[in-house]
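> One file is attached below, data-v2.cif, containing mmCIF, C-alpha atoms.
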```cif
data_data
#
loop_
_atom_site.label_atom_id
_atom_site.label_comp_id
_atom_site.auth_asym_id
_atom_site.auth_seq_id
_atom_site.Cartn_x
_atom_site.Cartn_y
_atom_site.Cartn_z
CA MET U 1 -30.11 -9.36 -21.71
CA MET U 2 -26.99 -10.87 -20.24
CA THR U 3 -25.55 -7.39 -19.82
CA ARG U 4 -28.66 -6.20 -18.05
CA LEU U 5 -28.57 -9.20 -15.73
CA ALA U 6 -24.89 -8.58 -15.01
CA CYS U 7 -25.68 -4.93 -14.21
CA LEU U 8 -28.46 -5.93 -11.86
CA GLY U 9 -26.12 -8.41 -10.24
CA SER U 10 -23.41 -5.85 -9.59
CA LEU U 11 -25.98 -3.34 -8.35
CA ALA U 12 -27.24 -5.92 -5.88
CA LEU U 13 -23.67 -6.54 -4.74
CA VAL U 14 -23.14 -2.83 -4.20
CA LEU U 15 -26.32 -2.59 -2.16
CA VAL U 16 -25.39 -5.61 -0.08
CA ALA U 17 -21.91 -4.22 0.50
CA ASP U 18 -23.41 -0.88 1.57
CA ILE U 19 -25.68 -2.47 4.08
CA ALA U 20 -23.36 -5.17 5.31
CA SER U 21 -20.23 -3.20 6.11
CA ALA U 22 -19.23 0.35 6.72
CA SER U 23 -15.61 -0.74 6.70
CA PRO U 24 -13.70 -3.48 4.90
CA PRO U 25 -14.01 -7.01 6.29
CA ALA U 26 -11.77 -7.82 9.24
CA GLN U 27 -9.02 -10.41 9.03
CA PRO U 28 -10.55 -13.90 8.89
CA TYR U 29 -9.65 -16.65 11.33
CA ALA U 30 -8.15 -19.98 10.34
CA PRO U 31 -7.10 -22.72 12.76
CA GLY U 32 -3.46 -22.68 13.78
CA ILE U 33 -1.14 -24.12 16.37
CA GLU U 34 -3.82 -23.79 19.08
CA SER U 35 -6.00 -26.30 17.25
CA PRO U 36 -5.73 -30.10 17.53
CA GLY U 37 -4.25 -31.74 14.46
CA TYR U 38 -2.35 -28.61 13.40
CA VAL U 39 0.25 -29.32 10.75
CA TRP U 40 2.86 -26.64 10.09
CA ASN U 41 2.98 -25.44 6.50
CA ALA U 42 0.18 -27.77 5.47
CA PRO U 43 -0.44 -27.59 1.72
CA ASN U 44 -3.12 -25.08 0.81
CA GLU U 45 -4.54 -23.92 -2.47
CA GLU U 46 -3.45 -20.31 -2.46
CA GLN U 47 0.11 -21.09 -1.45
CA MET U 48 0.33 -23.63 -4.26
CA ILE U 49 -1.02 -21.11 -6.76
CA ALA U 50 1.48 -18.49 -5.65
CA LEU U 51 4.42 -20.90 -5.58
CA ALA U 52 3.57 -22.24 -9.04
CA HIS U 53 3.15 -18.76 -10.51
CA ARG U 54 5.90 -17.65 -12.86
CA ALA U 55 6.71 -14.57 -10.83
CA ASP U 56 7.19 -11.17 -12.42
CA PRO U 57 9.40 -8.98 -10.20
CA ALA U 58 8.62 -5.86 -12.25
CA ASN U 59 4.92 -6.26 -11.56
CA GLY U 60 5.88 -7.10 -7.98
CA GLU U 61 7.60 -3.75 -7.63
CA GLU U 62 4.41 -1.98 -8.68
CA ALA U 63 2.17 -4.15 -6.50
CA TYR U 64 4.53 -3.57 -3.56
CA ALA U 65 3.32 0.07 -3.43
CA VAL U 66 0.70 -0.80 -0.79
CA CYS U 67 3.47 -2.25 1.41
CA ARG U 68 5.94 0.62 1.06
CA GLY U 69 4.16 2.90 3.51
CA CYS U 70 5.38 0.61 6.31
CA HIS U 71 8.09 -1.68 4.93
CA GLN U 72 9.82 1.15 3.01
CA ALA U 73 10.68 1.47 -0.65
CA ASP U 74 13.94 -0.48 -0.21
CA GLY U 75 12.33 -3.23 1.89
CA SER U 76 14.35 -2.22 4.93
CA GLY U 77 11.34 -2.10 7.25
CA ARG U 78 11.61 -0.09 10.45
CA GLY U 79 13.20 -1.41 13.59
CA ASP U 80 11.65 1.32 15.72
CA ALA U 81 8.16 0.41 14.52
CA ILE U 82 8.78 -3.37 14.49
CA TYR U 83 8.17 -3.55 10.73
CA PRO U 84 10.40 -6.38 9.56
CA GLN U 85 13.05 -6.02 6.91
CA LEU U 86 11.82 -7.85 3.82
CA ALA U 87 14.62 -7.18 1.32
CA GLY U 88 16.61 -10.33 0.66
CA GLN U 89 14.15 -12.64 2.39
CA HIS U 90 13.42 -15.97 0.66
CA ALA U 91 10.50 -15.66 -1.77
CA SER U 92 8.96 -18.87 -0.41
CA VAL U 93 9.00 -17.46 3.12
CA LEU U 94 7.40 -14.19 2.03
CA ILE U 95 4.72 -16.06 0.10
CA LYS U 96 3.93 -18.33 3.06
CA GLN U 97 3.68 -15.46 5.51
CA MET U 98 1.52 -13.29 3.23
CA VAL U 99 -0.77 -16.24 2.47
CA ASP U 100 -1.02 -17.05 6.19
CA VAL U 101 -1.99 -13.47 7.05
CA ARG U 102 -4.56 -13.47 4.23
CA ALA U 103 -6.03 -16.76 5.42
CA GLY U 104 -5.92 -15.77 9.09
CA ARG U 105 -3.41 -18.34 10.28
CA ARG U 106 -1.09 -15.53 11.33
CA ASP U 107 -2.81 -12.74 13.22
CA ASN U 108 -2.02 -9.27 11.94
CA PRO U 109 -5.14 -7.13 11.85
CA LYS U 110 -3.08 -3.99 11.20
CA MET U 111 -1.47 -5.40 8.06
CA HIS U 112 -4.37 -7.46 6.77
CA PRO U 113 -6.30 -4.65 5.00
CA PHE U 114 -3.24 -3.96 2.84
CA VAL U 115 -2.52 -7.55 1.81
CA ALA U 116 -6.11 -8.81 1.59
CA GLU U 117 -7.21 -10.81 -1.45
CA TRP U 118 -9.25 -7.86 -2.76
CA VAL U 119 -6.09 -5.71 -2.78
CA VAL U 120 -3.43 -8.15 -3.93
CA SER U 121 -4.04 -11.24 -6.10
CA SER U 122 -2.47 -14.61 -5.36
CA GLU U 123 -0.19 -14.10 -8.34
CA GLU U 124 0.82 -10.65 -7.09
CA VAL U 125 1.77 -12.18 -3.75
CA ALA U 126 4.33 -14.21 -5.69
CA ASP U 127 5.39 -11.18 -7.75
CA ILE U 128 5.94 -9.09 -4.63
CA ALA U 129 7.90 -11.93 -3.01
CA ALA U 130 10.09 -12.30 -6.08
CA TYR U 131 10.74 -8.57 -6.16
CA LEU U 132 11.67 -8.37 -2.49
CA SER U 133 13.82 -11.49 -2.47
CA GLN U 134 16.15 -10.02 -5.06
CA LEU U 135 16.55 -6.63 -3.37
CA PRO U 136 19.91 -5.99 -1.70
CA ILE U 137 19.85 -6.36 2.07
CA PRO U 138 20.00 -2.84 3.49
CA PRO U 139 23.32 -2.09 5.20
CA THR U 140 21.81 -0.84 8.46
CA ASN U 141 19.32 -2.41 10.84
CA LEU U 142 18.27 -2.13 14.47
CA LYS U 143 20.52 -4.16 16.76
CA GLY U 144 20.35 -4.96 20.47
CA ASP U 145 22.49 -3.54 23.26
CA GLY U 146 25.31 -6.01 22.61
CA THR U 147 25.61 -7.05 26.25
CA ALA U 148 24.91 -10.78 25.89
CA LEU U 149 26.26 -11.75 22.50
CA ALA U 150 28.25 -14.77 23.73
CA ARG U 151 25.13 -16.17 25.32
CA GLY U 152 23.16 -15.36 22.18
CA GLN U 153 25.68 -17.12 19.99
CA ALA U 154 25.71 -20.22 22.22
CA LEU U 155 21.90 -20.45 22.14
CA TYR U 156 21.80 -19.82 18.41
CA GLU U 157 24.33 -22.54 17.63
CA LYS U 158 22.62 -25.01 19.96
CA ASP U 159 18.97 -24.45 19.01
CA CYS U 160 18.60 -22.33 15.87
CA ALA U 161 21.43 -22.95 13.42
CA ALA U 162 20.20 -26.39 12.38
CA CYS U 163 17.22 -24.84 10.59
CA HIS U 164 18.06 -21.15 10.16
CA GLY U 165 21.65 -21.84 9.02
CA ALA U 166 25.04 -21.26 10.55
CA GLN U 167 25.02 -17.69 9.30
CA GLY U 168 21.28 -17.09 9.70
CA GLU U 169 20.72 -17.51 5.99
CA GLY U 170 17.57 -19.60 6.37
CA ASP U 171 16.42 -22.16 3.83
CA GLY U 172 14.00 -21.18 1.10
CA ALA U 173 13.23 -24.76 0.13
CA GLU U 174 12.08 -25.48 3.68
CA PHE U 175 10.29 -22.14 4.19
CA TYR U 176 12.72 -21.31 7.01
CA PRO U 177 13.26 -17.56 7.08
CA ARG U 178 16.53 -15.80 6.81
CA VAL U 179 17.11 -14.25 10.26
CA ALA U 180 20.52 -12.68 9.71
CA HIS U 181 20.54 -8.88 9.97
CA GLN U 182 16.80 -8.68 10.75
CA HIS U 183 15.70 -5.92 13.12
CA VAL U 184 16.26 -7.06 16.71
CA SER U 185 12.86 -5.68 17.73
CA TYR U 186 11.08 -7.92 15.25
CA LEU U 187 13.14 -11.02 16.10
CA ASP U 188 12.50 -10.45 19.80
CA ARG U 189 8.75 -9.93 19.44
CA GLU U 190 8.17 -12.86 17.09
CA SER U 191 10.32 -15.23 19.16
CA LYS U 192 8.27 -14.42 22.24
CA LEU U 193 5.03 -14.88 20.31
CA ILE U 194 6.26 -18.25 19.04
CA ARG U 195 7.36 -19.36 22.51
CA ASP U 196 4.06 -18.28 24.07
CA GLY U 197 1.72 -19.61 21.37
CA GLY U 198 0.65 -16.24 19.98
CA ARG U 199 2.20 -16.83 16.59
CA ARG U 200 -0.42 -19.27 15.39
CA ASN U 201 1.38 -20.35 12.20
CA ALA U 202 4.54 -21.26 14.10
CA ASN U 203 6.50 -24.43 13.54
CA PRO U 204 5.93 -26.71 16.59
CA GLU U 205 9.57 -27.79 16.32
CA MET U 206 10.62 -24.22 16.99
CA VAL U 207 8.15 -23.82 19.83
CA LYS U 208 9.72 -26.89 21.41
CA ALA U 209 13.25 -25.59 20.81
CA ILE U 210 12.72 -22.27 22.60
CA LYS U 211 10.06 -23.30 25.13
CA GLY U 212 12.52 -22.97 27.99
CA TYR U 213 13.92 -19.60 26.92
CA SER U 214 13.67 -16.69 29.32
CA ASP U 215 12.98 -13.22 27.97
CA ALA U 216 16.68 -12.52 28.48
CA ASP U 217 17.59 -15.60 26.42
CA ILE U 218 15.36 -14.39 23.60
CA ALA U 219 16.85 -10.89 23.80
CA ALA U 220 20.35 -12.34 23.63
CA VAL U 221 19.74 -14.58 20.65
CA SER U 222 17.78 -11.86 18.85
CA ASP U 223 20.66 -9.45 19.29
CA TYR U 224 23.06 -12.10 17.97
CA MET U 225 20.90 -12.77 14.89
CA SER U 226 20.52 -9.04 14.15
CA ARG U 227 24.31 -8.89 13.89
CA LEU U 228 24.78 -11.86 11.56
CA PRO U 229 26.35 -10.63 8.36
CA VAL U 230 24.57 -9.30 5.29
CA GLU U 231 26.89 -11.49 3.20
CA SER U 232 25.10 -14.58 4.47
CA ARG U 233 22.61 -14.06 1.66
CA PRO U 234 22.42 -17.31 -0.30
CA GLU U 235 22.83 -17.37 -4.05
CA MET R 10 10.67 21.21 -9.98
CA ARG R 11 11.27 18.27 -12.24
CA LEU R 12 7.64 17.41 -11.72
CA LEU R 13 6.59 20.84 -12.91
CA ALA R 14 8.81 20.50 -15.93
CA ILE R 15 7.25 17.18 -16.84
CA GLN R 16 3.79 18.61 -16.36
CA SER R 17 4.66 21.52 -18.60
CA LEU R 18 5.80 19.10 -21.25
CA VAL R 19 2.57 17.18 -20.96
CA GLY R 20 0.69 20.44 -21.19
CA VAL R 21 2.55 21.40 -24.32
CA ALA R 22 1.97 17.98 -25.78
CA GLY R 23 -1.70 18.41 -25.03
CA CYS R 24 -1.82 21.68 -26.98
CA VAL R 25 0.50 20.90 -29.86
CA GLY R 26 1.22 17.25 -29.99
CA VAL R 27 -1.42 15.47 -32.01
CA LEU R 28 1.36 13.79 -33.97
CA SER R 29 3.75 13.06 -31.15
CA ALA R 30 1.08 11.92 -28.77
CA PRO R 31 -0.28 8.52 -29.85
CA ALA R 32 1.73 6.54 -27.29
CA LEU R 33 0.24 8.53 -24.42
CA TRP R 34 -3.29 8.30 -25.77
CA ALA R 35 -2.93 4.62 -26.47
CA GLN R 36 -2.15 4.15 -22.81
CA THR R 37 -5.26 5.97 -21.61
CA LYS R 38 -7.38 5.20 -24.67
CA GLY R 39 -8.56 8.77 -24.60
CA ASP R 40 -8.01 11.78 -26.85
CA PRO R 41 -7.67 15.06 -24.93
CA GLU R 42 -8.83 17.09 -27.91
CA ILE R 43 -12.09 15.20 -28.01
CA GLY R 44 -12.14 15.39 -24.21
CA ALA R 45 -11.89 19.17 -24.28
CA GLY R 46 -15.19 19.48 -26.08
CA ILE R 47 -16.92 17.05 -23.75
CA ALA R 48 -15.51 18.76 -20.66
CA ALA R 49 -16.74 22.11 -21.95
CA ARG R 50 -20.23 20.66 -22.17
CA VAL R 51 -20.38 18.73 -18.89
CA CYS R 52 -17.53 19.49 -16.44
CA VAL R 53 -16.18 23.03 -16.63
CA ALA R 54 -18.95 24.69 -14.63
CA CYS R 55 -17.47 23.13 -11.48
CA HIS R 56 -14.03 21.79 -12.41
CA ALA R 57 -13.03 24.74 -14.63
CA GLU R 58 -11.56 24.52 -18.10
CA ASP R 59 -8.08 23.74 -16.77
CA GLY R 60 -9.13 21.47 -13.90
CA THR R 61 -7.98 23.89 -11.20
CA SER R 62 -11.33 25.09 -9.91
CA PRO R 63 -11.11 27.47 -6.95
CA MET R 64 -14.59 26.38 -5.83
CA PRO R 65 -14.52 25.06 -2.27
CA ASN R 66 -14.59 21.27 -1.79
CA THR R 67 -14.23 20.72 -5.53
CA PRO R 68 -11.42 18.40 -6.50
CA ARG R 69 -8.65 19.64 -8.70
CA LEU R 70 -8.33 17.38 -11.69
CA ALA R 71 -5.39 18.97 -13.54
CA SER R 72 -2.51 16.48 -13.97
CA GLN R 73 -4.49 13.76 -12.22
CA HIS R 74 -3.69 10.30 -13.56
CA ALA R 75 -6.07 9.38 -16.36
CA THR R 76 -6.42 5.85 -14.99
CA TYR R 77 -7.74 7.27 -11.71
CA LEU R 78 -10.11 9.71 -13.43
CA VAL R 79 -11.51 6.96 -15.63
CA LYS R 80 -12.11 4.71 -12.65
CA GLN R 81 -13.85 7.43 -10.63
CA MET R 82 -16.13 8.47 -13.47
CA LYS R 83 -17.04 4.86 -14.18
CA ASP R 84 -17.66 4.30 -10.48
CA TYR R 85 -19.96 7.33 -10.35
CA ARG R 86 -21.85 6.03 -13.35
CA ALA R 87 -22.22 2.59 -11.81
CA GLY R 88 -23.12 3.91 -8.36
CA ARG R 89 -19.97 2.57 -6.74
CA ARG R 90 -19.11 6.14 -5.76
CA THR R 91 -21.82 8.62 -4.96
CA SER R 92 -22.01 12.38 -4.71
CA GLU R 93 -25.06 14.59 -4.86
CA VAL R 94 -23.33 17.04 -7.19
CA MET R 95 -21.65 14.50 -9.45
CA GLY R 96 -24.91 12.58 -9.55
CA ASN R 97 -26.43 15.52 -11.41
CA TYR R 98 -23.75 15.59 -14.08
CA ILE R 99 -22.27 12.13 -14.54
CA GLY R 100 -25.31 11.06 -16.55
CA GLY R 101 -24.22 13.61 -19.16
CA LEU R 102 -21.18 11.47 -19.92
CA SER R 103 -21.35 8.28 -21.93
CA GLU R 104 -19.09 5.33 -21.15
CA GLU R 105 -17.20 6.06 -24.39
CA GLU R 106 -16.64 9.73 -23.51
CA ILE R 107 -15.05 9.04 -20.13
CA PRO R 108 -11.51 8.19 -21.34
CA HIS R 109 -11.41 11.33 -23.47
CA VAL R 110 -12.38 13.58 -20.57
CA ALA R 111 -9.83 11.82 -18.37
CA ALA R 112 -7.09 12.33 -20.96
CA TYR R 113 -8.04 16.00 -21.23
CA TYR R 114 -7.82 16.78 -17.52
CA ALA R 115 -4.73 14.60 -17.08
CA ALA R 116 -2.98 16.77 -19.66
CA GLN R 117 -3.77 20.05 -17.87
CA GLU R 118 -1.04 21.66 -15.83
CA ALA R 119 -1.49 21.57 -12.06
CA ILE R 120 -1.14 24.75 -10.04
CA PRO R 121 0.01 25.07 -6.41
CA GLY R 122 -2.60 24.33 -3.77
CA VAL R 123 -3.85 26.65 -1.05
CA VAL R 124 -2.63 26.05 2.50
CA THR R 125 -5.06 27.56 5.00
CA ASP R 126 -3.29 26.50 8.22
CA PRO R 127 0.50 26.38 7.94
CA SER R 128 0.82 25.67 11.68
CA VAL R 129 0.03 21.97 11.15
CA LEU R 130 2.33 21.33 8.19
CA LYS R 131 5.03 19.80 10.37
CA LEU R 132 2.66 17.19 11.79
CA GLY R 133 1.19 16.67 8.34
CA ARG R 134 4.58 16.02 6.87
CA ARG R 135 5.45 13.55 9.61
CA VAL R 136 2.30 11.50 9.06
CA TYR R 137 2.64 11.74 5.28
CA VAL R 138 6.26 10.54 5.32
CA ASP R 139 6.33 8.22 8.37
CA GLY R 140 2.74 7.19 9.01
CA ASN R 141 1.91 6.28 12.59
CA PRO R 142 3.13 2.81 13.58
CA GLY R 143 1.23 2.92 16.86
CA SER R 144 -2.14 3.06 15.17
CA GLY R 145 -1.12 1.20 12.02
CA ILE R 146 -1.18 4.14 9.63
CA PRO R 147 1.16 3.57 6.70
CA ALA R 148 3.04 6.52 5.27
CA CYS R 149 0.90 8.22 2.62
CA SER R 150 4.04 8.50 0.52
CA GLY R 151 4.18 4.71 0.16
CA CYS R 152 1.32 4.68 -2.34
CA HIS R 153 0.96 8.34 -3.34
CA GLY R 154 4.66 9.16 -3.75
CA ASP R 155 7.07 11.40 -1.89
CA GLU R 156 5.80 14.45 -3.77
CA GLY R 157 2.17 13.37 -3.88
CA GLU R 158 2.61 12.63 -7.56
CA GLY R 159 0.66 9.35 -7.48
CA THR R 160 0.96 6.51 -9.97
CA ARG R 161 -1.33 4.81 -12.43
CA ARG R 162 -2.56 2.77 -9.44
CA PHE R 163 -2.95 5.59 -6.89
CA PRO R 164 -4.16 9.16 -7.37
CA ARG R 165 -2.03 12.23 -7.42
CA LEU R 166 -2.56 14.30 -4.25
CA ALA R 167 -0.17 17.24 -4.63
CA GLY R 168 -1.93 20.60 -4.45
CA GLN R 169 -5.35 19.10 -3.81
CA ASP R 170 -8.06 21.26 -2.28
CA VAL R 171 -8.04 20.95 1.54
CA GLY R 172 -11.81 20.88 1.87
CA TYR R 173 -12.13 18.16 -0.75
CA THR R 174 -9.46 16.00 0.89
CA LEU R 175 -11.10 16.35 4.31
CA GLU R 176 -14.53 15.50 2.92
CA GLN R 177 -13.20 12.37 1.23
CA MET R 178 -11.42 11.28 4.41
CA ARG R 179 -14.67 11.75 6.32
CA LEU R 180 -16.56 9.68 3.74
CA TYR R 181 -13.94 6.92 3.87
CA ALA R 182 -13.93 6.82 7.66
CA ALA R 183 -17.73 6.70 7.75
CA GLY R 184 -17.82 3.91 5.18
CA GLU R 185 -19.69 6.15 2.76
CA ARG R 186 -16.99 6.04 0.11
CA THR R 187 -16.14 2.43 -0.59
CA ASN R 188 -14.61 2.27 -4.06
CA ASP R 189 -11.05 1.97 -2.71
CA ARG R 190 -10.66 -1.77 -2.02
CA GLY R 191 -10.84 -0.84 1.65
CA LEU R 192 -7.42 0.79 1.70
CA MET R 193 -8.38 4.38 2.41
CA GLN R 194 -11.30 3.30 4.56
CA THR R 195 -8.79 1.58 6.80
CA VAL R 196 -6.35 4.47 6.82
CA ALA R 197 -9.00 7.16 7.38
CA ASP R 198 -10.52 5.14 10.19
CA ARG R 199 -7.14 4.87 11.93
CA MET R 200 -6.21 8.55 11.60
CA SER R 201 -7.01 11.01 14.36
CA GLU R 202 -8.82 14.22 13.52
CA ALA R 203 -5.63 16.21 14.11
CA GLU R 204 -3.64 13.90 11.82
CA THR R 205 -6.27 14.14 9.09
CA LEU R 206 -6.42 17.93 9.23
CA ALA R 207 -2.64 18.14 9.15
CA VAL R 208 -2.18 15.74 6.25
CA ALA R 209 -4.80 17.59 4.18
CA GLN R 210 -2.81 20.80 4.65
CA TYR R 211 0.47 19.08 3.86
CA ILE R 212 -0.96 17.61 0.66
CA ALA R 213 -2.07 21.10 -0.39
CA SER R 214 1.43 22.39 0.35
CA LEU R 215 3.30 19.88 -1.78
CA MET R 216 3.10 22.01 -4.89
CA VAL R 217 3.63 25.24 -2.97
CA LEU R 218 6.97 23.88 -1.83
CA ASP R 219 7.78 22.98 -5.41
CA ALA R 220 6.96 26.48 -6.59
CA GLU R 221 9.02 28.09 -3.83
CA GLU R 222 12.07 26.09 -4.82
CA GLU R 223 11.97 27.49 -8.32
#
```
Translate this file's structure into structure tokens.


Amino acid sequence: MMTRLACLGSLALVLVADIASASPPAQPYAPGIESPGYVWNAPNEEQMIALAHRADPANGEEAYAVCRGCHQADGSGRGDAIYPQLAGQHASVLIKQMVDVRAGRRDNPKMHPFVAEWVVSSEEVADIAAYLSQLPIPPTNLKGDGTALARGQALYEKDCAACHGAQGEGDGAEFYPRVAHQHVSYLDRESKLIRDGGRRNANPEMVKAIKGYSDADIAAVSDYMSRLPVESRPE
Amino acid sequence: MRLLAIQSLVGVAGCVGVLSAPALWAQTKGDPEIGAGIAARVCVACHAEDGTSPMPNTPRLASQHATYLVKQMKDYRAGRRTSEVMGNYIGGLSEEEIPHVAAYYAAQEAIPGVVTDPSVLKLGRRVYVDGNPGSGIPACSGCHGDEGEGTRRFPRLAGQDVGYTLEQMRLYAAGERTNDRGLMQTVADRMSEAETLAVAQYIASLMVLDAEEE
């Protein structure tokens, strides 16, 4: 009897799914920096589940398959396509960003179908993050034109180093990403989004820090960060 | 080439290896020898004895991952995947028989596919290997492997029938095939007609290239 009920239930679900959507659900929306009372990195259930999970990098490698088509098998991303390098990033940062995309606090409708909760479990988010965080940082990345590195360095040391580290190593405990050796295209795009309010899961402290930056300032500091050394990877 | 060698080994194991095989069968929970008899009763009219049917728009099953075959057959049975033709036959399989049939076809040796339009292989390869960042198409190789070999999570594509691939892409894009966690629905929806046609040809060519290297 129970089995029959369960069958009927799943049949009903199938029928509902058929009627309701010809394509998978779009990325949801969750309030972010545009909303009053926004708190950066506010505790949320899924992030706590993923952070508490005893991560399995081997399972993460297998679950990472759905990411490889863009972020590459070695986690190097693609500078030309603005797919960020993920290898060597802090696991906590990767977890936060994946959870934010899943929840809709960070808008990424192109990526969402591949990291949605019906594709990757909360535990697998942690497994993938653990796998990527231990990968070696690829030796090559996309850099800027190198014309304003002194300016980039000055801005970085004044406004960025306090959180992202003197060598761009970030801080996993604080969820501050490693920025060293990231693709310049990604650093440039995300910095502009953060400055202009389009990155809805941004840290208001960072928005404040770069509010006065011109596009040229952002290009300069992005170029500088893309050239920070691979060896800045923390132990 | 290495792929072919491995497939040959699996094929040999399928014929000879009742004793050496338990590990493989334990993984798929199916016995290809039992599966052979069931396939002969239910499947071979369309899929052929060796899973390499030349019938148009009929998927090749030889060397397909057993995990994928099991899932598809169960989905057909449960109505999560529908097909007029399969609808006529899937009822002939019991839930218990499915793993055996899957193990049987997984153990068959794949043969090279048929490319009907070589002029689009270059575009097909580019989309397969690089995707299309502009429209958010991931590289097919990310999930399905550089050689289309697939994994236990994602189906093998190498040498697949062009007509079958195109029909599935059409069903995904139209939201009529939905047993994919939305992944292929998203990809098919984002691919242009030219990209889809080209990738289907490239997939068919993957084994041809292997055979030519030998």

> Under the PyMOL selection byres ((chain R) within 10 of (chain U)), which residues of this model are included? Write them out as a ChimeraX atom specification.

/R:87-90,137-154,160-163,181-196,198-199

> I want to know what sits within 12 Å of U:Cys160, based on all atoms listed in the file, with residues of the same chain fewer than 2 positions away left out; could you give that as an MDAnalysis selection string?

chainID U and resid 152:158 162:170 176:180 191 205:210 218 221:222 224:225

> In terms of the shortest atom-to-atom distance over all atoms listed in the file, which of R:Lys83, R:Arg69, R:Arg179, R:Lys131 is closest to R:Glu202?

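So, comparing all the options, the nearest one is R:Arg179.
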
> Mind pulling up the distance from atom CA of U:Glu123 to atom CA of U:Pro138?

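Going from atom CA of U:Pro138 over to atom CA of U:Glu123 covers 26.0 Å.
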
> For stretch 125-131 of chain U, please output as an NGL selection string all residues within 8 Å (counting only C-alpha atoms; exclusion window: fewer than 2 positions along the same chain).

:U and (50-51 or 53 or 55-61 or 63-64 or 90-92 or 94-95 or 98-99 or 120-123 or 133-135)

> Can you list, as a ChimeraX atom specification, every protein, DNA or RNA residue that comes within 6 Å of stretch 32-39 of chain U when you count all atoms listed in the file, leaving out same-chain residues fewer than 6 positions away?

/U:105,200-201

> Give as JSON, numbers by chain the residues that the PyMOL selection byres ((chain R and resi 79) around 9) matches when applied to the coordinates above.

{"R": [37, 74, 75, 76, 77, 78, 80, 81, 82, 83, 84, 107, 108, 109, 110, 111, 112]}

> Using only C-alpha atoms, find the one residue out of U:Leu193, U:Ala219, U:Leu142, U:Ala26 that sits nearest to U:Pro84.

U:Leu142

> What is the distance between atom CA of R:Ala54 and atom CA of R:Tyr113, in Å to one decimal?

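Going from atom CA of R:Ala54 over to atom CA of R:Tyr113 covers 15.4 Å.
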
> Considering all atoms listed in the file, return as JSON, numbers by chain whatever protein or nucleic-acid residues lie within 10 Å of R:Gly168, sequence-local ones (same chain, fewer than 3 positions apart) excluded.

{"R": [61, 68, 69, 71, 119, 120, 121, 122, 123, 124, 156, 157, 158, 165, 171, 209, 210, 211, 212, 213, 214, 215, 216, 217, 218]}

> Choose the residue, out of U:His183, U:Pro28, U:Asn41, U:Arg54, that has the smallest atom-to-atom separation from U:Glu124; count only C-alpha atoms.

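Result for the nearest residue to U:Glu124: U:Arg54.
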
> Interatomic distance between atom CA of U:Arg227 and atom CA of U:Gly75?

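Computing it gives 17.9 Å between the two atoms.
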
> Which residue gives the smallest distance to R:Val53 among R:Thr91, R:Pro127, R:Gln73, R:Tyr98, with only C-alpha atoms counted?

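Counting only C-alpha atoms, the residue closest to R:Val53 is R:Tyr98.
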
> Of the residues R:Ser103, R:Gln169, R:Thr205, R:Gln177, which is the one nearest to R:Met64, using only C-alpha atoms?

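Answer, going by the shortest atom-to-atom distance: R:Gln169.
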
> Would you kindly identify which residues have an atom no farther than 7 Å from (-12.7, 24.0, -1.4), using only C-alpha atoms and the file's own coordinates, and write them out as JSON, numbers by chain?

{"R": [63, 64, 65, 66, 67, 170, 171, 172, 173]}

> Which residue out of R:Glu176, R:Asp155, R:Glu106, R:Glu118 has the minimum interatomic distance to R:Ala48 when all atoms listed in the file are used?

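Among R:Glu176, R:Asp155, R:Glu106, R:Glu118, it is R:Glu106 that comes nearest to R:Ala48.
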
> Show which residues sit within 10 Å of U:Asp145, as a list in words. Count only C-alpha atoms, and ignore same-chain residues fewer than 3 positions away.

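Neighbouring residues, sequence-local ones excluded: Leu142, Ala148, Leu149, Val184, Ala219, Ala220 and Asp223 of chain U.
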
> What box, with edges along x, y and z, holds each listed atom of stretch 210-217 of chain U when 3 Å is added on every side, and can you state its centre and edge lengths in Å to one decimal, as lines of an AutoDock Vina configuration file?


```
center_x = 13.8
center_y = -17.9
center_z = 26.0
size_x = 13.5
size_y = 16.8
size_z = 12.7
```

> Taking (-19.9, 14.2, -10.8) in the coordinates of the supplied file, I want to know which residues reach to within 10 Å of it, counting all atoms listed in the file; could you give the answer as a list in words?

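Checked against the point, the hits come out as Val51, Cys52, Cys55, His56, Gln81, Met82, Tyr85, Arg86, Arg90, Thr91, Ser92, Glu93, Val94, Met95, Gly96, Asn97, Tyr98, Ile99, Gly100, Gly101 and Leu102 of chain R.
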
> Using the atoms already present, construct N, CA and C atoms for stretch 134-138 of chain U and hand them back as a short mmCIF file (atom, residue, chain, number, x, y, z; two decimals), in the coordinates of the input.


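selection05.cif, freshly written:
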```cif
data_model
loop_
_atom_site.label_atom_id
_atom_site.label_comp_id
_atom_site.auth_asym_id
_atom_site.auth_seq_id
_atom_site.Cartn_x
_atom_site.Cartn_y
_atom_site.Cartn_z
N GLN U 134 14.96 -10.37 -4.29
CA GLN U 134 16.15 -10.02 -5.06
C GLN U 134 16.71 -8.65 -4.68
N LEU U 135 16.04 -7.93 -3.79
CA LEU U 135 16.55 -6.63 -3.37
C LEU U 135 17.79 -6.82 -2.49
N PRO U 136 18.74 -5.90 -2.58
CA PRO U 136 19.91 -5.99 -1.70
C PRO U 136 19.50 -5.80 -0.24
N ILE U 137 20.15 -6.52 0.65
CA ILE U 137 19.85 -6.36 2.07
C ILE U 137 20.40 -5.02 2.52
N PRO U 138 19.55 -4.18 3.11
CA PRO U 138 20.00 -2.84 3.49
C PRO U 138 21.16 -2.92 4.49
#
```
